[in-house]
Each structure stands twice: as C-alpha cells, then as structure tokens.
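Visitor: Contents are compact mmCIF, N, CA and C atoms; file name entry.txt:
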```
# COMPACT_ATOMS: atom_id res chain seq x y z
N MET N 26 -196.14 -23.52 222.65
CA MET N 26 -196.54 -22.51 221.67
C MET N 26 -197.93 -22.87 221.13
N ALA N 27 -198.76 -21.88 220.95
CA ALA N 27 -200.12 -22.09 220.47
C ALA N 27 -200.10 -22.54 219.01
N LYS N 28 -201.16 -23.24 218.60
CA LYS N 28 -201.27 -23.79 217.25
C LYS N 28 -201.13 -22.70 216.18
N GLY N 29 -201.82 -21.58 216.37
CA GLY N 29 -201.74 -20.49 215.39
C GLY N 29 -200.33 -19.94 215.26
N ALA N 30 -199.64 -19.81 216.39
CA ALA N 30 -198.27 -19.30 216.37
C ALA N 30 -197.33 -20.30 215.70
N GLU N 31 -197.55 -21.60 215.96
CA GLU N 31 -196.73 -22.63 215.32
C GLU N 31 -196.90 -22.60 213.81
N ASP N 32 -198.13 -22.43 213.36
CA ASP N 32 -198.39 -22.34 211.92
C ASP N 32 -197.71 -21.14 211.31
N TRP N 33 -197.77 -20.02 212.02
CA TRP N 33 -197.15 -18.78 211.52
C TRP N 33 -195.64 -18.96 211.41
N VAL N 34 -195.01 -19.55 212.43
CA VAL N 34 -193.57 -19.76 212.41
C VAL N 34 -193.19 -20.72 211.28
N ARG N 35 -193.95 -21.78 211.09
CA ARG N 35 -193.68 -22.73 210.01
C ARG N 35 -193.78 -22.05 208.65
N GLU N 36 -194.84 -21.25 208.46
CA GLU N 36 -195.01 -20.54 207.18
C GLU N 36 -193.89 -19.54 206.95
N ALA N 37 -193.47 -18.84 208.01
CA ALA N 37 -192.37 -17.88 207.88
C ALA N 37 -191.08 -18.59 207.47
N ARG N 38 -190.83 -19.75 208.04
CA ARG N 38 -189.64 -20.52 207.65
C ARG N 38 -189.72 -20.98 206.20
N GLU N 39 -190.91 -21.38 205.77
CA GLU N 39 -191.08 -21.82 204.39
C GLU N 39 -190.82 -20.68 203.42
N VAL N 40 -191.31 -19.50 203.74
CA VAL N 40 -191.07 -18.32 202.89
C VAL N 40 -189.58 -18.01 202.85
N LYS N 41 -188.95 -18.03 204.02
CA LYS N 41 -187.51 -17.74 204.10
C LYS N 41 -186.72 -18.75 203.26
N ASP N 42 -187.07 -20.03 203.35
CA ASP N 42 -186.38 -21.07 202.56
C ASP N 42 -186.61 -20.87 201.07
N ALA N 43 -187.83 -20.51 200.69
CA ALA N 43 -188.15 -20.30 199.27
C ALA N 43 -187.39 -19.11 198.70
N MET N 44 -187.15 -18.10 199.52
CA MET N 44 -186.45 -16.90 199.06
C MET N 44 -184.94 -17.10 198.98
N ARG N 45 -184.44 -18.08 199.66
CA ARG N 45 -182.98 -18.27 199.79
C ARG N 45 -182.27 -18.25 198.44
N ASP N 46 -182.76 -19.00 197.47
CA ASP N 46 -182.09 -19.13 196.18
C ASP N 46 -182.65 -18.20 195.11
N HIS N 47 -183.60 -17.37 195.48
CA HIS N 47 -184.23 -16.47 194.50
C HIS N 47 -183.50 -15.13 194.48
N SER N 48 -183.18 -14.67 193.29
CA SER N 48 -182.60 -13.33 193.11
C SER N 48 -183.70 -12.42 192.59
N PRO N 49 -184.24 -11.54 193.44
CA PRO N 49 -185.35 -10.70 193.00
C PRO N 49 -184.92 -9.70 191.94
N ALA N 50 -185.87 -9.35 191.07
CA ALA N 50 -185.62 -8.36 190.02
C ALA N 50 -185.36 -6.98 190.62
N VAL N 51 -185.96 -6.71 191.77
CA VAL N 51 -185.75 -5.45 192.48
C VAL N 51 -184.56 -5.67 193.41
N PRO N 52 -183.45 -4.97 193.21
CA PRO N 52 -182.27 -5.20 194.04
C PRO N 52 -182.54 -4.88 195.52
N VAL N 53 -182.01 -5.72 196.39
CA VAL N 53 -182.15 -5.52 197.83
C VAL N 53 -181.56 -4.17 198.23
N GLU N 54 -180.47 -3.77 197.55
CA GLU N 54 -179.84 -2.49 197.86
C GLU N 54 -180.78 -1.32 197.59
N LEU N 55 -181.62 -1.46 196.58
CA LEU N 55 -182.61 -0.43 196.27
C LEU N 55 -183.64 -0.32 197.40
N VAL N 56 -184.08 -1.47 197.90
CA VAL N 56 -185.02 -1.50 199.02
C VAL N 56 -184.38 -0.83 200.23
N GLU N 57 -183.14 -1.19 200.52
CA GLU N 57 -182.44 -0.61 201.68
C GLU N 57 -182.27 0.89 201.52
N TYR N 58 -181.96 1.34 200.30
CA TYR N 58 -181.80 2.77 200.04
C TYR N 58 -183.10 3.53 200.33
N TYR N 59 -184.21 3.04 199.78
CA TYR N 59 -185.48 3.74 199.98
C TYR N 59 -185.98 3.62 201.42
N ALA N 60 -185.68 2.51 202.08
CA ALA N 60 -186.04 2.39 203.49
C ALA N 60 -185.28 3.43 204.30
N LYS N 61 -183.99 3.55 204.04
CA LYS N 61 -183.16 4.54 204.76
C LYS N 61 -183.64 5.96 204.47
N LYS N 62 -184.01 6.20 203.22
CA LYS N 62 -184.51 7.53 202.83
C LYS N 62 -185.79 7.88 203.59
N GLN N 63 -186.58 6.84 203.95
CA GLN N 63 -187.82 7.05 204.71
C GLN N 63 -187.57 7.02 206.22
N GLY N 64 -186.31 6.88 206.62
CA GLY N 64 -185.98 6.87 208.03
C GLY N 64 -186.06 5.50 208.68
N LEU N 65 -186.09 4.44 207.88
CA LEU N 65 -186.17 3.08 208.41
C LEU N 65 -184.80 2.41 208.33
N SER N 66 -184.49 1.65 209.33
CA SER N 66 -183.26 0.88 209.33
C SER N 66 -183.62 -0.59 209.23
N ILE N 67 -183.08 -1.27 208.23
CA ILE N 67 -183.34 -2.70 208.06
C ILE N 67 -182.06 -3.43 208.47
N LYS N 68 -182.12 -4.06 209.61
CA LYS N 68 -180.95 -4.78 210.12
C LYS N 68 -180.89 -6.22 209.62
N ASP N 69 -182.04 -6.84 209.40
CA ASP N 69 -182.11 -8.23 208.95
C ASP N 69 -182.19 -8.25 207.42
N PRO N 70 -181.20 -8.83 206.74
CA PRO N 70 -181.22 -8.85 205.27
C PRO N 70 -182.42 -9.62 204.70
N HIS N 71 -182.99 -10.52 205.48
CA HIS N 71 -184.16 -11.25 205.01
C HIS N 71 -185.37 -10.33 204.86
N VAL N 72 -185.44 -9.31 205.70
CA VAL N 72 -186.55 -8.36 205.61
C VAL N 72 -186.46 -7.58 204.30
N ALA N 73 -185.27 -7.08 203.98
CA ALA N 73 -185.09 -6.33 202.74
C ALA N 73 -185.38 -7.22 201.53
N LYS N 74 -184.95 -8.47 201.60
CA LYS N 74 -185.18 -9.38 200.48
C LYS N 74 -186.66 -9.70 200.33
N LEU N 75 -187.37 -9.86 201.45
CA LEU N 75 -188.82 -10.11 201.39
C LEU N 75 -189.54 -8.92 200.76
N ILE N 76 -189.12 -7.71 201.10
CA ILE N 76 -189.72 -6.52 200.49
C ILE N 76 -189.43 -6.51 198.99
N ALA N 77 -188.19 -6.85 198.60
CA ALA N 77 -187.81 -6.88 197.19
C ALA N 77 -188.64 -7.92 196.42
N VAL N 78 -188.81 -9.10 197.01
CA VAL N 78 -189.60 -10.15 196.37
C VAL N 78 -191.06 -9.72 196.27
N SER N 79 -191.57 -9.06 197.30
CA SER N 79 -192.95 -8.57 197.28
C SER N 79 -193.14 -7.51 196.20
N ALA N 80 -192.17 -6.61 196.05
CA ALA N 80 -192.24 -5.59 195.00
C ALA N 80 -192.22 -6.24 193.62
N GLU N 81 -191.39 -7.27 193.46
CA GLU N 81 -191.33 -8.00 192.19
C GLU N 81 -192.67 -8.66 191.88
N GLU N 82 -193.27 -9.27 192.88
CA GLU N 82 -194.56 -9.94 192.70
C GLU N 82 -195.64 -8.92 192.34
N PHE N 83 -195.64 -7.77 193.03
CA PHE N 83 -196.62 -6.72 192.74
C PHE N 83 -196.45 -6.23 191.30
N LEU N 84 -195.22 -5.97 190.90
CA LEU N 84 -194.94 -5.51 189.55
C LEU N 84 -195.40 -6.54 188.52
N GLY N 85 -195.13 -7.80 188.80
CA GLY N 85 -195.56 -8.87 187.89
C GLY N 85 -197.07 -8.91 187.74
N ARG N 86 -197.79 -8.76 188.84
CA ARG N 86 -199.26 -8.77 188.78
C ARG N 86 -199.79 -7.59 187.99
N VAL N 87 -199.23 -6.42 188.21
CA VAL N 87 -199.68 -5.23 187.48
C VAL N 87 -199.42 -5.40 185.99
N LEU N 88 -198.24 -5.89 185.64
CA LEU N 88 -197.93 -6.07 184.22
C LEU N 88 -198.78 -7.16 183.58
N ARG N 89 -199.08 -8.25 184.31
CA ARG N 89 -199.98 -9.28 183.77
C ARG N 89 -201.36 -8.70 183.52
N ASP N 90 -201.86 -7.91 184.47
CA ASP N 90 -203.18 -7.28 184.29
C ASP N 90 -203.18 -6.34 183.09
N ALA N 91 -202.12 -5.53 182.97
CA ALA N 91 -202.02 -4.60 181.84
C ALA N 91 -201.93 -5.37 180.52
N PHE N 92 -201.19 -6.46 180.51
CA PHE N 92 -201.07 -7.29 179.31
C PHE N 92 -202.44 -7.85 178.91
N GLU N 93 -203.17 -8.37 179.90
CA GLU N 93 -204.50 -8.93 179.60
C GLU N 93 -205.45 -7.85 179.08
N MET N 94 -205.41 -6.65 179.68
CA MET N 94 -206.27 -5.56 179.21
C MET N 94 -205.91 -5.18 177.78
N THR N 95 -204.61 -5.11 177.50
CA THR N 95 -204.15 -4.74 176.16
C THR N 95 -204.56 -5.80 175.14
N GLU N 96 -204.41 -7.07 175.50
CA GLU N 96 -204.82 -8.14 174.59
C GLU N 96 -206.31 -8.06 174.28
N LYS N 97 -207.13 -7.80 175.30
CA LYS N 97 -208.58 -7.67 175.07
C LYS N 97 -208.88 -6.51 174.14
N MET N 98 -208.19 -5.38 174.34
CA MET N 98 -208.41 -4.23 173.45
C MET N 98 -207.98 -4.57 172.03
N ASP N 99 -206.84 -5.24 171.89
CA ASP N 99 -206.33 -5.60 170.57
C ASP N 99 -207.25 -6.59 169.87
N GLU N 100 -207.79 -7.55 170.63
CA GLU N 100 -208.73 -8.53 170.05
C GLU N 100 -209.96 -7.83 169.52
N ALA N 101 -210.46 -6.84 170.25
CA ALA N 101 -211.64 -6.12 169.80
C ALA N 101 -211.35 -5.34 168.53
N LYS N 102 -210.15 -4.77 168.41
CA LYS N 102 -209.77 -3.99 167.23
C LYS N 102 -209.49 -4.88 166.03
N GLU N 103 -209.00 -6.10 166.25
CA GLU N 103 -208.52 -6.95 165.17
C GLU N 103 -209.54 -7.95 164.66
N LYS N 104 -210.78 -7.81 165.03
CA LYS N 104 -211.78 -8.78 164.57
C LYS N 104 -211.89 -8.78 163.04
N ASP N 105 -211.63 -7.65 162.42
CA ASP N 105 -211.76 -7.57 160.97
C ASP N 105 -210.43 -7.74 160.24
N GLY N 106 -209.31 -7.68 160.97
CA GLY N 106 -208.01 -7.73 160.29
C GLY N 106 -207.11 -8.82 160.86
N PRO N 107 -205.94 -8.98 160.24
CA PRO N 107 -205.00 -10.00 160.72
C PRO N 107 -204.41 -9.59 162.07
N GLY N 108 -204.17 -10.57 162.92
CA GLY N 108 -203.60 -10.31 164.25
C GLY N 108 -202.09 -10.32 164.22
N GLY N 109 -201.48 -9.49 165.07
CA GLY N 109 -200.03 -9.44 165.17
C GLY N 109 -199.56 -10.24 166.38
N GLN N 110 -198.28 -10.48 166.46
CA GLN N 110 -197.69 -11.25 167.55
C GLN N 110 -197.34 -10.37 168.75
N GLU N 111 -196.98 -9.13 168.50
CA GLU N 111 -196.47 -8.25 169.56
C GLU N 111 -197.59 -7.46 170.21
N VAL N 112 -197.53 -7.36 171.53
CA VAL N 112 -198.49 -6.57 172.30
C VAL N 112 -197.75 -5.34 172.81
N THR N 113 -198.29 -4.15 172.51
CA THR N 113 -197.67 -2.91 172.94
C THR N 113 -198.42 -2.35 174.13
N LEU N 114 -197.70 -2.08 175.20
CA LEU N 114 -198.29 -1.53 176.41
C LEU N 114 -198.38 -0.02 176.28
N HIS N 115 -199.56 0.52 176.59
CA HIS N 115 -199.78 1.97 176.52
C HIS N 115 -199.93 2.53 177.93
N LEU N 116 -199.57 3.79 178.10
CA LEU N 116 -199.58 4.43 179.41
C LEU N 116 -200.96 4.38 180.07
N ASP N 117 -202.02 4.61 179.31
CA ASP N 117 -203.35 4.62 179.93
C ASP N 117 -203.76 3.25 180.45
N VAL N 118 -203.35 2.18 179.76
CA VAL N 118 -203.65 0.82 180.22
C VAL N 118 -202.84 0.51 181.47
N LEU N 119 -201.57 0.88 181.48
CA LEU N 119 -200.73 0.67 182.65
C LEU N 119 -201.27 1.45 183.85
N ALA N 120 -201.69 2.69 183.61
CA ALA N 120 -202.25 3.51 184.69
C ALA N 120 -203.50 2.85 185.28
N LYS N 121 -204.34 2.28 184.43
CA LYS N 121 -205.54 1.61 184.93
C LYS N 121 -205.17 0.36 185.73
N ALA N 122 -204.21 -0.40 185.26
CA ALA N 122 -203.78 -1.61 185.98
C ALA N 122 -203.20 -1.24 187.34
N LEU N 123 -202.41 -0.17 187.39
CA LEU N 123 -201.86 0.29 188.67
C LEU N 123 -202.96 0.77 189.59
N ARG N 124 -203.88 1.54 189.05
CA ARG N 124 -204.99 2.06 189.86
C ARG N 124 -205.80 0.90 190.44
N ASP N 125 -206.09 -0.10 189.61
CA ASP N 125 -206.83 -1.27 190.07
C ASP N 125 -206.07 -2.01 191.17
N ALA N 126 -204.76 -2.15 191.00
CA ALA N 126 -203.95 -2.85 192.01
C ALA N 126 -203.93 -2.08 193.33
N PHE N 127 -203.80 -0.76 193.26
CA PHE N 127 -203.80 0.04 194.49
C PHE N 127 -205.17 0.00 195.16
N GLU N 128 -206.22 0.03 194.37
CA GLU N 128 -207.56 -0.04 194.95
C GLU N 128 -207.78 -1.39 195.62
N MET N 129 -207.30 -2.46 195.01
CA MET N 129 -207.43 -3.79 195.62
C MET N 129 -206.64 -3.85 196.92
N THR N 130 -205.43 -3.30 196.92
CA THR N 130 -204.62 -3.27 198.13
C THR N 130 -205.30 -2.47 199.22
N GLU N 131 -205.87 -1.35 198.84
CA GLU N 131 -206.58 -0.50 199.80
C GLU N 131 -207.78 -1.24 200.38
N LYS N 132 -208.50 -1.97 199.55
CA LYS N 132 -209.66 -2.73 200.03
C LYS N 132 -209.22 -3.79 201.02
N MET N 133 -208.08 -4.43 200.74
CA MET N 133 -207.58 -5.45 201.66
C MET N 133 -207.16 -4.81 202.98
N ASP N 134 -206.56 -3.62 202.92
CA ASP N 134 -206.10 -2.92 204.13
C ASP N 134 -207.25 -2.40 204.97
N THR N 135 -208.34 -2.00 204.34
CA THR N 135 -209.44 -1.37 205.07
C THR N 135 -210.62 -2.30 205.29
N GLY N 136 -210.46 -3.54 204.94
CA GLY N 136 -211.55 -4.49 205.13
C GLY N 136 -212.68 -4.32 204.14
N GLY N 137 -212.38 -3.83 202.94
CA GLY N 137 -213.38 -3.77 201.89
C GLY N 137 -213.89 -2.38 201.58
N GLU N 138 -213.54 -1.39 202.40
CA GLU N 138 -214.04 -0.04 202.13
C GLU N 138 -213.40 0.54 200.89
N GLY N 139 -212.09 0.41 200.76
CA GLY N 139 -211.39 0.83 199.55
C GLY N 139 -211.35 2.33 199.34
N CYS N 140 -210.68 2.71 198.28
CA CYS N 140 -210.60 4.10 197.84
C CYS N 140 -211.49 4.25 196.63
N HIS N 141 -212.01 5.42 196.44
CA HIS N 141 -212.79 5.65 195.22
C HIS N 141 -211.88 6.23 194.15
N ALA N 142 -212.28 6.05 192.91
CA ALA N 142 -211.44 6.44 191.78
C ALA N 142 -211.11 7.92 191.78
N GLY N 143 -211.90 8.75 192.41
CA GLY N 143 -211.64 10.18 192.43
C GLY N 143 -210.68 10.59 193.51
N SER N 144 -210.15 9.64 194.26
CA SER N 144 -209.23 9.95 195.35
C SER N 144 -207.98 10.61 194.81
N SER N 145 -207.43 11.54 195.60
CA SER N 145 -206.21 12.22 195.18
C SER N 145 -205.03 11.25 195.14
N ARG N 146 -205.18 10.09 195.74
CA ARG N 146 -204.11 9.09 195.74
C ARG N 146 -203.91 8.49 194.34
N PHE N 147 -204.96 8.51 193.51
CA PHE N 147 -204.89 7.95 192.18
C PHE N 147 -205.04 9.05 191.15
N PRO N 148 -203.98 9.33 190.38
CA PRO N 148 -204.07 10.40 189.39
C PRO N 148 -205.10 10.06 188.32
N GLN N 149 -205.83 11.04 187.90
CA GLN N 149 -206.83 10.86 186.85
C GLN N 149 -206.16 10.98 185.49
N ARG N 150 -206.86 10.54 184.44
CA ARG N 150 -206.30 10.56 183.08
C ARG N 150 -205.76 11.93 182.71
N SER N 151 -206.51 12.98 182.99
CA SER N 151 -206.07 14.31 182.57
C SER N 151 -204.80 14.72 183.29
N SER N 152 -204.68 14.42 184.60
CA SER N 152 -203.49 14.81 185.32
C SER N 152 -202.29 13.99 184.88
N LEU N 153 -202.51 12.73 184.49
CA LEU N 153 -201.41 11.92 183.97
C LEU N 153 -200.88 12.51 182.67
N ALA N 154 -201.77 12.90 181.79
CA ALA N 154 -201.34 13.47 180.52
C ALA N 154 -200.65 14.81 180.73
N GLU N 155 -201.17 15.62 181.66
CA GLU N 155 -200.54 16.92 181.91
C GLU N 155 -199.15 16.77 182.52
N SER N 156 -198.98 15.82 183.46
CA SER N 156 -197.70 15.67 184.12
C SER N 156 -196.64 15.09 183.19
N SER N 157 -197.05 14.26 182.25
CA SER N 157 -196.05 13.66 181.35
C SER N 157 -195.82 14.53 180.12
N GLY N 158 -196.75 15.43 179.84
CA GLY N 158 -196.63 16.25 178.64
C GLY N 158 -197.05 15.50 177.38
N THR N 159 -197.46 14.26 177.54
CA THR N 159 -197.85 13.43 176.41
C THR N 159 -199.31 13.04 176.54
N PRO N 160 -200.11 13.28 175.52
CA PRO N 160 -201.52 12.88 175.62
C PRO N 160 -201.64 11.36 175.67
N LEU N 161 -202.59 10.90 176.43
CA LEU N 161 -202.84 9.47 176.53
C LEU N 161 -203.69 9.03 175.34
N SER N 162 -203.30 7.91 174.74
CA SER N 162 -204.04 7.44 173.57
C SER N 162 -205.37 6.84 174.00
N GLU N 163 -206.32 6.87 173.12
CA GLU N 163 -207.66 6.30 173.39
C GLU N 163 -207.69 4.87 172.95
```
Just give me the structure as structure tokens.

Guide:
Amino acid sequence: MAKGAEDWVREAREVKDAMRDHSPAVPVELVEYYAKKQGLSIKDPHVAKLIAVSAEEFLGRVLRDAFEMTEKMDEAKEKDGPGGQEVTLHLDVLAKALRDAFEMTEKMDTGGEGCHAGSSRFPQRSSLAESSGTPLSE
C-alpha cells in the first residue's frame, strides 16, 4: 500500500476510534431520516455517526462565532455602563455567523472562489425578516 493510502487508512481508524464513545448531539436516526428523504441509503452506521458528529461540530463553530460577535457588540455598547453576565443571541447575528460559515465552506469546496453575499443561497437581512415576520434588531 502506498504511503499516502496508509496515512489515510490510519487517520480513518483514528477518527472511527475517537467516535466510538462519543454520543453526538445530533441523533444518528435524524441523519438516517434525512439521508433517506434525499434518496440516500446509509448501510454503515459509522457513516451516519460521522455525519452526525460533523453536524455537531459545524453547529458548535457557528454558535461560537455568533457568541464572539455578540460579545463584541455587547462590549461596544457597555463601555459606559455595567456589564451583565448573560449573552443573548439575536437572529441577525446568528444569520451572519451562518452566512460566514457557508461562505467559508464554499471557498474550501471551490478552491477559494467562494460565493458572494448577494447569492440566492444566502438570504439577505430583508428576506430573513420577511420570512419570519419578525424585524431583525439593529
């Protein structure tokens, strides 16, 4: 077996071993349901679990980014007043964090070309507010 293939097999085994004892926040059954709904059959339970773990990791990254954005906004607002302990996530901040994550994923998929913010794949502020019926806070 070639060196690159051996490395790939070793890394795949390490990932599989690391996932063995992990219970992902996204249920494997949910992954299987949506895969089936898209016409995909997942025969290997490790595949469904890897997708579930990947979805959990993606969600964690988006929420960390949204948290950091919210903290920065709160710090700017609280320079003159006392700071609170709780950070409240707002829809517009979450939408930006998701948009940034999708754009980063697109850049990785296309070798850096990426999607532009006006793409129909990413809803704009006005369409988000219209679809939810709730205005986005500034």

Visitor: Work out how far apart atom CA of Leu123 of chain N and atom CA of Ala91 of chain N are and give it in Å to one decimal.

Guide: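 Between these atoms lies a distance of 8.4 Å.
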
Visitor: Between atom CA of Val56 of chain N and atom C of Lys41 of chain N, what is the distance, to one decimal in Å?

Guide: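 Calculated distance between atom CA of Val56 of chain N and atom C of Lys41 of chain N is 17.8 Å.
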
Visitor: Using only C-alpha atoms, which of N:Val34, N:Tyr58, N:Ala126, N:Glu131 sits nearest Val87 of chain N?

Guide: N:Ala126

Visitor: Between atom N of His47 of chain N and atom CA of Glu81 of chain N, what is the spacing in Å?

Guide: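 Interatomic distance here is 12.6 Å.
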